[in-house]
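Participant: What follows is the file work-v5.cif, containing mmCIF, C-alpha atoms:
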data_upload
#
loop_
_atom_site.label_atom_id
_atom_site.label_comp_id
_atom_site.auth_asym_id
_atom_site.auth_seq_id
_atom_site.Cartn_x
_atom_site.Cartn_y
_atom_site.Cartn_z
CA MET A 1 61.49 117.11 120.37
CA LYS A 2 62.22 115.23 117.16
CA ARG A 3 64.57 112.27 117.55
CA ILE A 4 67.68 112.41 115.37
CA GLU A 5 69.44 109.27 116.53
CA CYS A 6 68.65 105.75 117.61
CA GLU A 7 70.60 103.49 119.93
CA PHE A 8 70.53 100.69 117.33
CA GLU A 9 72.20 102.78 114.61
CA PRO A 10 75.68 101.19 114.93
CA GLU A 11 74.22 97.66 114.75
CA VAL A 12 72.00 98.54 111.81
CA LEU A 13 74.95 100.14 110.03
CA ALA A 14 77.16 97.10 110.57
CA ALA A 15 74.40 94.76 109.41
CA ALA A 16 73.68 96.90 106.34
CA LEU A 17 77.33 96.91 105.36
CA GLN A 18 77.54 93.12 105.74
CA ALA A 19 74.23 92.74 103.88
CA ARG A 20 73.06 90.43 106.66
CA MET A 21 70.27 91.68 108.86
CA PRO A 22 69.18 89.41 111.75
CA GLU A 23 65.42 89.08 112.19
CA PRO A 24 65.05 91.09 115.44
CA LEU A 25 67.02 93.96 113.91
CA ARG A 26 64.96 93.73 110.72
CA THR A 27 61.81 94.12 112.80
CA HIS A 28 63.29 97.15 114.54
CA VAL A 29 64.34 98.73 111.24
CA ALA A 30 60.85 98.27 109.84
CA GLY A 31 59.43 100.33 112.69
CA CYS A 32 62.22 102.91 113.13
CA ALA A 33 62.46 105.76 110.63
CA ILE A 34 66.02 106.61 111.65
CA CYS A 35 67.34 103.06 111.32
CA SER A 36 65.48 102.47 108.09
CA ASP A 37 67.21 105.58 106.62
CA VAL A 38 70.57 104.38 107.93
CA ALA A 39 70.10 100.94 106.40
CA ALA A 40 68.97 102.28 103.02
CA VAL A 41 71.63 104.99 102.71
CA ALA A 42 74.51 102.90 104.07
CA ALA A 43 73.75 99.98 101.76
CA ALA A 44 73.44 102.26 98.71
CA ILE A 45 76.65 104.16 99.48
CA ASP A 46 78.60 100.99 100.23
CA ASP A 47 77.48 99.57 96.90
CA ALA A 48 78.52 102.78 95.12
CA ARG A 49 81.83 102.80 96.97
CA GLU A 50 82.68 99.35 95.66
CA ARG A 51 81.82 100.40 92.12
CA THR A 52 83.70 103.68 92.35
CA ARG A 53 86.83 102.06 93.76
CA GLY A 54 86.66 99.41 91.07
CA ASP A 55 86.48 102.13 88.41
CA ALA A 56 89.17 104.34 89.92
CA VAL A 57 92.32 104.56 87.82
CA VAL A 58 94.73 106.57 89.91
CA PRO A 59 98.23 107.50 88.74
CA ASP A 60 101.19 105.57 90.06
CA SER A 61 102.59 106.86 93.38
CA GLY A 62 106.07 107.24 91.87
CA ARG A 63 104.72 109.46 89.12
CA VAL A 64 102.78 111.62 91.58
CA TRP A 65 105.92 112.02 93.71
CA TRP A 66 108.01 112.92 90.67
CA LEU A 67 105.48 115.48 89.44
CA ALA A 68 105.31 117.00 92.92
CA GLN A 69 109.10 117.36 92.96
CA VAL A 70 109.17 119.00 89.53
CA ARG A 71 106.45 121.42 90.58
CA ALA A 72 108.13 122.20 93.91
CA ARG A 73 111.40 122.95 92.06
CA ARG A 74 109.62 125.25 89.65
CA GLU A 75 107.93 127.10 92.49
CA ALA A 76 111.20 127.30 94.43
CA THR A 77 112.93 128.86 91.40
CA LYS A 78 110.19 131.44 91.15
CA THR A 79 110.31 132.20 94.87
CA ALA A 80 114.09 132.41 94.93
CA GLY A 81 113.96 135.00 92.14
CA ARG A 82 111.62 137.30 94.00
CA PRO A 83 113.79 138.63 96.89
CA ILE A 84 116.69 139.07 94.51
CA THR A 85 114.83 141.59 92.36
CA ALA A 86 113.84 143.47 95.53
CA ILE A 87 117.50 143.58 96.59
CA GLN A 88 118.47 144.87 93.18
CA VAL A 89 115.94 147.71 93.46
CA ILE A 90 117.24 148.64 96.93
CA ALA A 91 120.84 148.56 95.64
CA LEU A 92 119.90 150.85 92.76
CA ALA A 93 118.21 153.30 95.11
CA CYS A 94 121.29 153.28 97.39
CA ALA A 95 123.60 153.90 94.44
CA ILE A 96 121.49 156.85 93.26
CA GLY A 97 121.43 158.24 96.81
CA LEU A 98 125.21 157.89 97.13
CA LEU A 99 125.82 159.55 93.78
CA GLY A 100 123.55 162.41 94.80
CA ALA A 101 125.40 162.85 98.10
CA CYS A 102 128.82 162.89 96.35
CA PHE A 103 127.54 165.40 93.82
CA GLY A 104 126.15 167.61 96.55
CA ALA A 105 129.36 167.48 98.57
CA THR A 106 131.74 168.21 95.69
CA SER A 107 129.89 170.51 93.32
CA THR A 108 130.49 174.22 94.07
CA TRP A 109 127.80 175.12 91.55
CA PHE A 110 125.25 172.99 93.43
CA GLN A 111 126.29 174.45 96.79
CA ALA A 112 125.94 177.98 95.43
CA TRP A 113 122.51 177.10 94.05
CA LEU A 114 121.52 175.62 97.38
CA ALA A 115 122.57 178.83 99.14
CA ARG A 116 120.47 180.86 96.71
CA VAL A 117 117.50 178.62 97.31
CA GLU A 118 117.93 178.97 101.05
CA ALA A 119 118.02 182.75 100.77
CA SER A 120 115.01 182.90 98.51
CA LEU A 121 113.05 180.62 100.82
CA ALA A 122 113.03 183.37 103.43
CA GLY A 123 110.35 185.18 101.46
CA PHE A 124 108.81 182.03 100.01
CA SER A 125 105.07 181.76 99.47
CA ALA A 126 103.87 178.24 98.62
CA GLY A 127 100.68 179.47 96.99
CA ALA A 128 102.47 181.84 94.67
CA PHE A 129 105.09 179.24 93.83
CA LEU A 130 102.51 176.58 92.95
CA ALA A 131 100.54 179.07 90.86
CA GLU A 132 103.65 179.83 88.84
CA HIS A 133 105.31 176.36 88.67
CA GLY A 134 102.44 173.99 89.52
CA LEU A 135 102.75 171.96 86.33
CA ILE A 136 106.48 171.37 86.79
CA VAL A 137 105.97 170.36 90.43
CA LEU A 138 103.25 167.93 89.45
CA ALA A 139 105.34 166.38 86.66
CA THR A 140 108.35 165.99 89.00
CA ALA A 141 106.22 164.36 91.67
CA LEU A 142 104.79 161.94 89.13
CA VAL A 143 108.25 160.99 87.83
CA LEU A 144 109.53 160.44 91.38
CA LEU A 145 106.57 158.22 92.16
CA LEU A 146 106.43 156.28 88.91
CA VAL A 147 110.10 155.64 88.13
CA PRO A 148 110.86 153.34 91.11
CA GLY A 149 107.76 151.28 90.32
CA ALA A 150 108.70 151.02 86.65
CA VAL A 151 112.27 149.97 87.54
CA TYR A 152 110.97 147.33 89.93
CA LEU A 153 108.58 145.93 87.34
CA ALA A 154 111.26 145.91 84.61
CA LEU A 155 113.74 144.05 86.82
CA GLY A 156 111.01 141.74 88.08
CA ARG A 157 110.20 140.63 84.53
CA GLU A 158 113.83 139.69 83.89
CA MET B 1 139.64 131.38 85.63
CA LEU B 2 136.92 131.32 88.24
CA PRO B 3 133.54 130.09 87.05
CA ASP B 4 131.03 132.85 86.50
CA VAL B 5 128.92 132.11 89.54
CA THR B 6 127.23 134.89 91.42
CA PHE B 7 125.58 134.85 94.85
CA THR B 8 122.25 134.96 93.10
CA ASP B 9 122.93 131.76 91.18
CA VAL B 10 124.13 129.95 94.29
CA SER B 11 121.04 130.96 96.27
CA ARG B 12 118.77 129.88 93.47
CA ALA B 13 120.46 126.52 93.06
CA GLU B 14 120.21 125.83 96.81
CA ALA B 15 116.57 126.80 96.92
CA VAL B 16 115.77 124.58 93.96
CA ASP B 17 117.71 121.62 95.35
CA ASP B 18 115.90 121.93 98.67
CA ALA B 19 112.48 122.16 97.04
CA HIS B 20 111.37 118.69 98.05
CA ALA B 21 112.89 119.11 101.52
CA GLY B 22 109.77 121.15 102.31
CA PHE B 23 107.61 118.08 101.81
CA VAL B 24 105.76 116.71 104.80
CA MET B 25 107.15 113.18 104.28
CA ASP B 26 109.89 111.33 102.41
CA GLU B 27 109.35 109.41 99.20
CA ASP B 28 108.87 105.92 100.66
CA THR B 29 106.43 107.10 103.32
CA PHE B 30 104.53 109.14 100.77
CA ARG B 31 104.24 106.30 98.29
CA ALA B 32 102.94 103.91 100.92
CA PHE B 33 100.47 106.53 102.18
CA TYR B 34 99.36 107.33 98.63
CA ASP B 35 98.80 103.65 97.80
CA ARG B 36 96.61 103.31 100.89
CA THR B 37 94.52 106.43 100.34
CA ALA B 38 94.48 107.50 96.67
CA ARG B 39 91.55 105.35 95.54
CA GLY B 40 89.44 106.46 98.47
CA VAL B 41 90.22 110.12 97.88
CA TRP B 42 89.53 109.76 94.16
CA GLY B 43 86.18 108.13 94.90
CA TYR B 44 85.32 110.92 97.31
CA LEU B 45 86.24 113.62 94.80
CA ALA B 46 84.39 111.88 91.99
CA ARG B 47 81.23 111.56 94.06
CA VAL B 48 81.37 115.05 95.55
CA THR B 49 82.12 116.82 92.26
CA GLY B 50 80.24 114.37 90.03
CA ASP B 51 83.03 114.63 87.46
CA ARG B 52 85.68 111.95 86.84
CA GLN B 53 88.00 114.24 84.89
CA LEU B 54 87.88 116.86 87.59
CA ALA B 55 88.48 114.17 90.21
CA ASP B 56 91.65 113.13 88.36
CA ASP B 57 92.96 116.70 88.39
CA LEU B 58 91.98 117.37 91.97
CA LEU B 59 93.58 114.13 93.16
CA GLN B 60 97.03 115.28 91.99
CA GLU B 61 96.49 118.71 93.47
CA THR B 62 95.28 117.25 96.76
CA PHE B 63 98.38 115.15 97.24
CA TYR B 64 100.68 117.98 96.17
CA ARG B 65 99.13 120.38 98.66
CA PHE B 66 99.25 117.69 101.31
CA LEU B 67 102.98 117.26 100.70
CA ARG B 68 103.51 121.00 101.04
CA THR B 69 101.58 121.39 104.29
CA THR B 70 103.59 122.54 107.25
CA ALA B 71 101.36 120.78 109.78
CA THR B 72 102.67 117.84 111.76
CA HIS B 73 100.45 114.77 111.75
CA GLU B 74 100.29 112.76 114.94
CA SER B 75 98.66 109.69 113.44
CA GLU B 76 97.48 108.05 110.25
CA ALA B 77 93.93 109.17 111.03
CA HIS B 78 95.10 112.76 111.43
CA ARG B 79 96.94 112.54 108.12
CA ARG B 80 93.85 111.19 106.39
CA ASN B 81 91.67 113.93 107.87
CA SER B 82 94.09 116.52 106.62
CA LEU B 83 94.04 114.94 103.17
CA TYR B 84 90.25 114.89 103.02
CA ARG B 85 90.10 118.46 104.23
CA ILE B 86 92.34 119.55 101.38
CA ALA B 87 90.25 117.52 98.93
CA THR B 88 87.06 119.09 100.28
CA ASN B 89 88.41 122.61 99.89
CA LEU B 90 89.62 121.93 96.37
CA ALA B 91 86.26 120.45 95.37
CA ARG B 92 84.50 123.49 96.82
CA ASP B 93 86.80 125.89 94.96
CA ALA B 94 86.27 123.96 91.73
CA ARG B 95 82.52 124.18 92.20
CA ARG B 96 82.72 127.93 92.77
CA ARG B 97 84.78 128.33 89.61
CA SER B 98 82.27 126.29 87.62
CA LEU B 99 79.46 128.42 89.05
CA ILE B 100 81.21 131.48 87.69
CA ARG B 101 81.90 129.88 84.31
CA ALA B 102 78.47 128.42 83.66
CA PRO B 103 75.27 127.48 85.47
CA PHE B 104 76.16 124.47 87.59
CA SER B 105 74.79 121.20 86.34
CA LEU B 106 75.77 118.06 88.13
CA PRO B 107 77.40 115.86 85.55
CA CYS B 108 77.08 112.72 87.65
CA SER B 109 76.05 110.75 84.59
CA ASP B 110 79.74 110.95 83.75
CA ILE B 111 80.47 108.52 86.55
CA GLU B 112 77.62 106.27 85.46
CA SER B 113 78.89 106.05 81.91
CA VAL B 114 81.98 104.18 83.03
CA PRO B 115 81.75 100.41 82.96
CA SER B 116 81.79 98.99 86.46
CA GLY B 117 82.97 95.50 85.64
CA ASP B 118 81.42 92.72 87.65
CA LEU B 119 80.84 95.07 90.57
CA GLY B 120 78.13 96.86 88.65
CA GLY B 121 75.07 94.82 89.55
CA ALA B 122 71.88 96.55 88.49
CA PRO B 123 72.55 99.57 86.26
CA GLU B 124 69.24 101.14 87.21
CA ARG B 125 70.27 101.02 90.87
CA ASN B 126 73.48 102.85 89.97
CA ALA B 127 71.55 105.44 88.06
CA ASP B 128 69.12 105.94 90.95
CA PHE B 129 71.99 106.37 93.38
CA THR B 130 73.78 108.89 91.16
CA ARG B 131 70.60 110.80 90.53
CA ALA B 132 69.87 110.94 94.24
CA MET B 133 73.43 112.09 95.02
CA SER B 134 73.25 114.79 92.37
CA ARG B 135 70.16 116.24 94.02
CA LEU B 136 71.87 116.66 97.36
CA ARG B 137 73.88 119.71 98.30
CA PRO B 138 77.65 119.21 97.83
CA ARG B 139 78.19 119.34 101.58
CA GLU B 140 75.53 116.71 102.16
CA ARG B 141 77.15 114.47 99.56
CA ALA B 142 80.54 114.90 101.20
CA MET B 143 79.11 114.24 104.64
CA LEU B 144 77.30 111.05 103.65
CA TRP B 145 80.21 109.72 101.64
CA LEU B 146 82.66 110.26 104.48
CA ALA B 147 80.30 108.68 106.98
CA TYR B 148 79.20 105.62 105.03
CA ALA B 149 81.88 105.02 102.40
CA GLU B 150 84.92 106.02 104.41
CA GLY B 151 83.56 105.07 107.82
CA ALA B 152 84.64 108.42 109.27
CA SER B 153 83.54 109.40 112.78
CA HIS B 154 81.58 112.59 113.46
CA ARG B 155 84.74 114.27 114.68
CA GLU B 156 86.63 113.27 111.54
CA ILE B 157 83.84 114.46 109.25
CA ALA B 158 83.61 117.77 111.09
CA GLU B 159 87.37 118.20 110.77
CA ALA B 160 87.41 117.34 107.08
CA LEU B 161 84.49 119.62 106.22
CA GLY B 162 85.40 122.44 108.55
CA LEU B 163 82.19 122.12 110.58
CA ARG B 164 81.45 122.13 114.28
CA GLU B 165 81.25 118.62 115.66
CA GLY B 166 78.27 119.57 117.78
CA SER B 167 76.09 120.44 114.80
CA LEU B 168 77.18 117.52 112.67
CA LYS B 169 74.79 114.96 114.09
CA ALA B 170 71.74 117.00 113.10
CA MET B 171 73.18 117.86 109.70
CA LEU B 172 73.99 114.24 108.99
CA PHE B 173 70.50 113.24 110.07
CA ARG B 174 68.93 115.71 107.62
CA ALA B 175 71.23 114.69 104.77
CA ARG B 176 70.48 111.02 105.38
CA ARG B 177 66.76 111.76 105.52
CA ARG B 178 66.89 113.51 102.15
CA MET B 179 69.03 110.81 100.58
CA ALA B 180 66.75 108.04 101.83
CA ALA B 181 63.72 109.91 100.47
CA LEU B 182 65.43 110.38 97.11
CA LEU B 183 66.47 106.74 96.96
CA GLY B 184 62.95 105.68 97.84
CA GLY B 185 61.56 107.81 95.03
CA LYS B 186 59.97 110.27 97.47
CA LYS B 187 60.42 114.02 97.04
#
Mind converting the file's structure to structure tokens?

Facilitator:
Amino acid sequence: MKRIECEFEPEVLAAALQARMPEPLRTHVAGCAICSDVAAVAAAIDDARERTRGDAVVPDSGRVWWLAQVRARREATKTAGRPITAIQVIALACAIGLLGACFGATSTWFQAWLARVEASLAGFSAGAFLAEHGLIVLATALVLLLVPGAVYLALGRE
Amino acid sequence: MLPDVTFTDVSRAEAVDDAHAGFVMDEDTFRAFYDRTARGVWGYLARVTGDRQLADDLLQETFYRFLRTTATHESEAHRRNSLYRIATNLARDARRRSLIRAPFSLPCSDIESVPSGDLGGAPERNADFTRAMSRLRPRERAMLWLAYAEGASHREIAEALGLREGSLKAMLFRARRRMAALLGGKK
């Protein structure tokens, strides 16, 4: 089985990072493929790390904190607005339902119409009804489905 | 006359005032932590993405997301791992976006074009290193940088990169092998 680690790796790594390799370790590295890779890669990356850190111009911590606060506030405002629009939609639906119930309870015309509907339903045939009024039924269903969504979107945009 | 304040306004104001209360640490702790880690994270992002400008943007995003995490950090090491994990994910997302936008070319020369002051040494050595890094897979770059620039343990690297610790040793071995071959001018 191919070896993927060597017991001298930590020592080689430490020596490579200090750029000081004692002679016995140097001899080992020369004959060990794993340690020679460790030494080459660690030295190159350490060198690059020094250069990269020297070049790094990072923003001041106070500025980063301030920007984070501003952003968190903005996101909080957006989030706080969301459940309120949902509540408004529910309130609107409740109001419409309540109005409908009051109308149904007080209107004699509506009650008479309801009684007529009930009587006519005795001999009701869904197929015949749809054949005659299919378009109206479809339009009503579409309105009932689309209006709540449109109201929600309109209020959401506000 | 009563001020025209509704429940909605009150809720909004409270939510906005408490926005920074959701941060994982207070200002003083954050600033000290940032001062200790920002340069390292920037270097990591710059080397993994190969793009200084992108590293600048991702650094801000990394620290913001870190502040908004809900996780509790038991130690400084745990905090750092969490930070590097966020940075890794952001770098990966940025790479995916750039893959969608245009064929991905590794603009590592961008890093090389910056003067390195007296730390520079041999420019050709810098160029060789950058060229070698650009030929590695992003995950290999991240792995090697964390191991040899940040001195992270196998467990820490696995945590930061979302890998299994058990398979890391072999993956690191292969990445190191490739990097050494590239540095030595071998294919």

Participant: For chain A, report every residue with an atom at most 7 Å from chain B (counting only C-alpha atoms), formatted as a PyMOL selection string.

Facilitator: chain A and resi 4+37+40-42+44-46+49-56+58+61-62+64-65+68-69+72-73+76-77+80

Participant: Atom CA of B:Ala132 to atom CA of A:Ala33: how many Å, to one decimal?

Facilitator: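 Separation between atom CA of B:Ala132 and atom CA of A:Ala33: 18.7 Å.
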
Participant: Work out how far atom CA of B:Gly162 is from atom CA of B:Ala71, in Å to one decimal.

Facilitator: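 Between atom CA of B:Ala71 and atom CA of B:Gly162 the gap is 16.1 Å.
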
Participant: When you draw a straight line from atom CA of A:Gly100 to atom CA of A:Ala112, how long is it in Å?

Facilitator: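 Interatomic distance, atom CA of A:Gly100 to atom CA of A:Ala112: 15.8 Å.
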
Participant: Find the residues near A:Arg26: any atom within 12 Å, counting all atoms listed in the file, skip ones fewer than 2 places away on the same chain, and give them as a list in words.

Facilitator: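 Counting only the stated atoms, we get Phe8, Glu11, Val12, Leu13, Ala15, Ala16, Ala19, Arg20, Met21, Pro22, Glu23, Pro24, His28, Val29, Ala30, Gly31, Cys32, Cys35, Ser36 and Ala39 of chain A.
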
Participant: Mind checking which residues fall within 8 Å of B:Arg85, counting only C-alpha atoms, ignoring those fewer than 2 positions away in the same chain, and posting them as a list in words?

Facilitator: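 Selected residues are Asn81, Ser82, Leu83, Ala87, Thr88, Asn89, Glu159, Ala160, Leu161 and Gly162 of chain B.
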
Participant: Would you compute an axis-aligned box for stretch 85-94 of chain B, covering every atom listed for it in the file with 4 Å of margin on each side, and report centre and edge lengths in Å to one decimal as AutoDock Vina command-line options?

Facilitator:
--center_x 88.4 --center_y 121.7 --center_z 98.0 --size_x 15.8 --size_y 16.4 --size_z 20.5

Participant: So, counting all atoms listed in the file, which residue among B:Asp51, B:Arg164, B:Arg80, B:His73 is closest to B:Ser98?

Facilitator: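 Between B:Asp51, B:Arg164, B:Arg80, B:His73, the residue approaching B:Ser98 most closely is B:Asp51.
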
Participant: (86.8, 117.3, 93.6) in this file's frame - what residues fall within 6 Å of it? Use all atoms listed in the file and give the answer as a PyMOL selection string.

Facilitator: chain B and resi 45+49+55+58+91

Participant: Evaluating the PyMOL selection byres ((chain A and resi 88-93) around 8) on the displayed file yields which residues, as a ChimeraX atom specification?

Facilitator: /A:84-87,94-97,148,151-152,155
